[in-house]
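Undergrad: A single structure is presented below for examination.
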Amino acid sequence: MAREVSYKFKGKQKTIQFSYGQYHDIYEAAAANEGIDLSSFYAMEKQLAMSSRGQGIAKNYRQTEFTRMGFSSIHFVKQEKTE
């Protein structure tokens, strides 16, 4: 079943196709669609994960950085079941 991700980038609402075979998570898919290189972001995220306990700091960093890049409201689009 195909999944869709919806997000806002610099005020414009967008919806894209998503596959775990192609992307690690929805943030990566949104950044790839906008042509943003995440290599420095991943390096910092890895350093935070190694130096901190728990996932709260890394999750907060991810949300803060994606907001700084111009993203907001990144989420899966709920598919309606048709029978």
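Identifiers for the structure tokens are assigned positionally: chains receive A, B, ... in sequence, residues are indexed from 1 per chain, and ligands are indexed from 1 in the order shown.
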Taking the DSSP secondary structure from the backbone, can you list the residues of region 5-82 of chain A that are helix (DSSP H, G or I), as number ranges by chain?

TA: A: 26-34, 39-51, 56-69

Undergrad: Any idea what's packed within 12 Å of Phe41 (chain A), counting only C-alpha atoms, ignoring anything in its chain fewer than 2 positions away? Could you give it as a VMD selection string?

TA: chain A and resid 27 to 28 31 36 to 39 43 to 48 58 61 to 66 68 to 69

Undergrad: Run DSSP on the backbone and tell me which residues of chain A come out as strand (DSSP E); list them as a list in words.

TA: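 Answer for chain A, restricted to strand (DSSP E): Arg3, Glu4, Val5, Ser6, Tyr7, Lys8, Phe9, Lys12, Gln13, Lys14, Thr15, Ile16, Gln17, Phe18, Phe71, Ser72, Ser73, Ile74, His75 and Phe76 of chain A.
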
Undergrad: What separation in Å, quoted to one decimal, exists between CA of Lys10 (chain A) and CA of Phe71 (chain A)?

TA: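 Going from CA of Lys10 (chain A) over to CA of Phe71 (chain A) covers 6.4 Å.
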
Undergrad: Quick one: distance from CA of Ile16 (chain A) to CA of Ala32 (chain A) in Å, one decimal?

TA: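 Computing it gives 10.6 Å between the two atoms.
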
Undergrad: Would you list the contacts of Phe76 (chain A) as a PyMOL selection string, taking every protein, DNA or RNA residue within 9 Å and counting only C-alpha atoms, but skipping same-chain residues closer than 6 positions in sequence?

TA: chain A and resi 3-7+18+26

Undergrad: Write the residues of the preceding selection, restricted to C-alpha atoms, as a PDB file, in the first residue's frame.

TA:
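Writing the result to selection-v6.pdb gives the following:
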```pdb
ATOM      1  CA  ARG A   3       1.871   5.964   1.680  1.00  0.00           C
ATOM      2  CA  GLU A   4       1.798   9.704   1.334  1.00  0.00           C
ATOM      3  CA  VAL A   5       3.536  12.368   3.373  1.00  0.00           C
ATOM      4  CA  SER A   6       2.172  15.870   3.723  1.00  0.00           C
ATOM      5  CA  TYR A   7       4.271  18.838   4.814  1.00  0.00           C
ATOM      6  CA  PHE A  18       6.687   7.722   0.552  1.00  0.00           C
ATOM      7  CA  ILE A  26       9.390  11.069   6.501  1.00  0.00           C
TER       8      ILE A  26
END
```

Undergrad: Hey, can you check how far CA of Ala29 (chain A) sits from CA of Arg53 (chain A)?

TA: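 For CA of Ala29 (chain A) relative to CA of Arg53 (chain A), the distance reads 26.8 Å.
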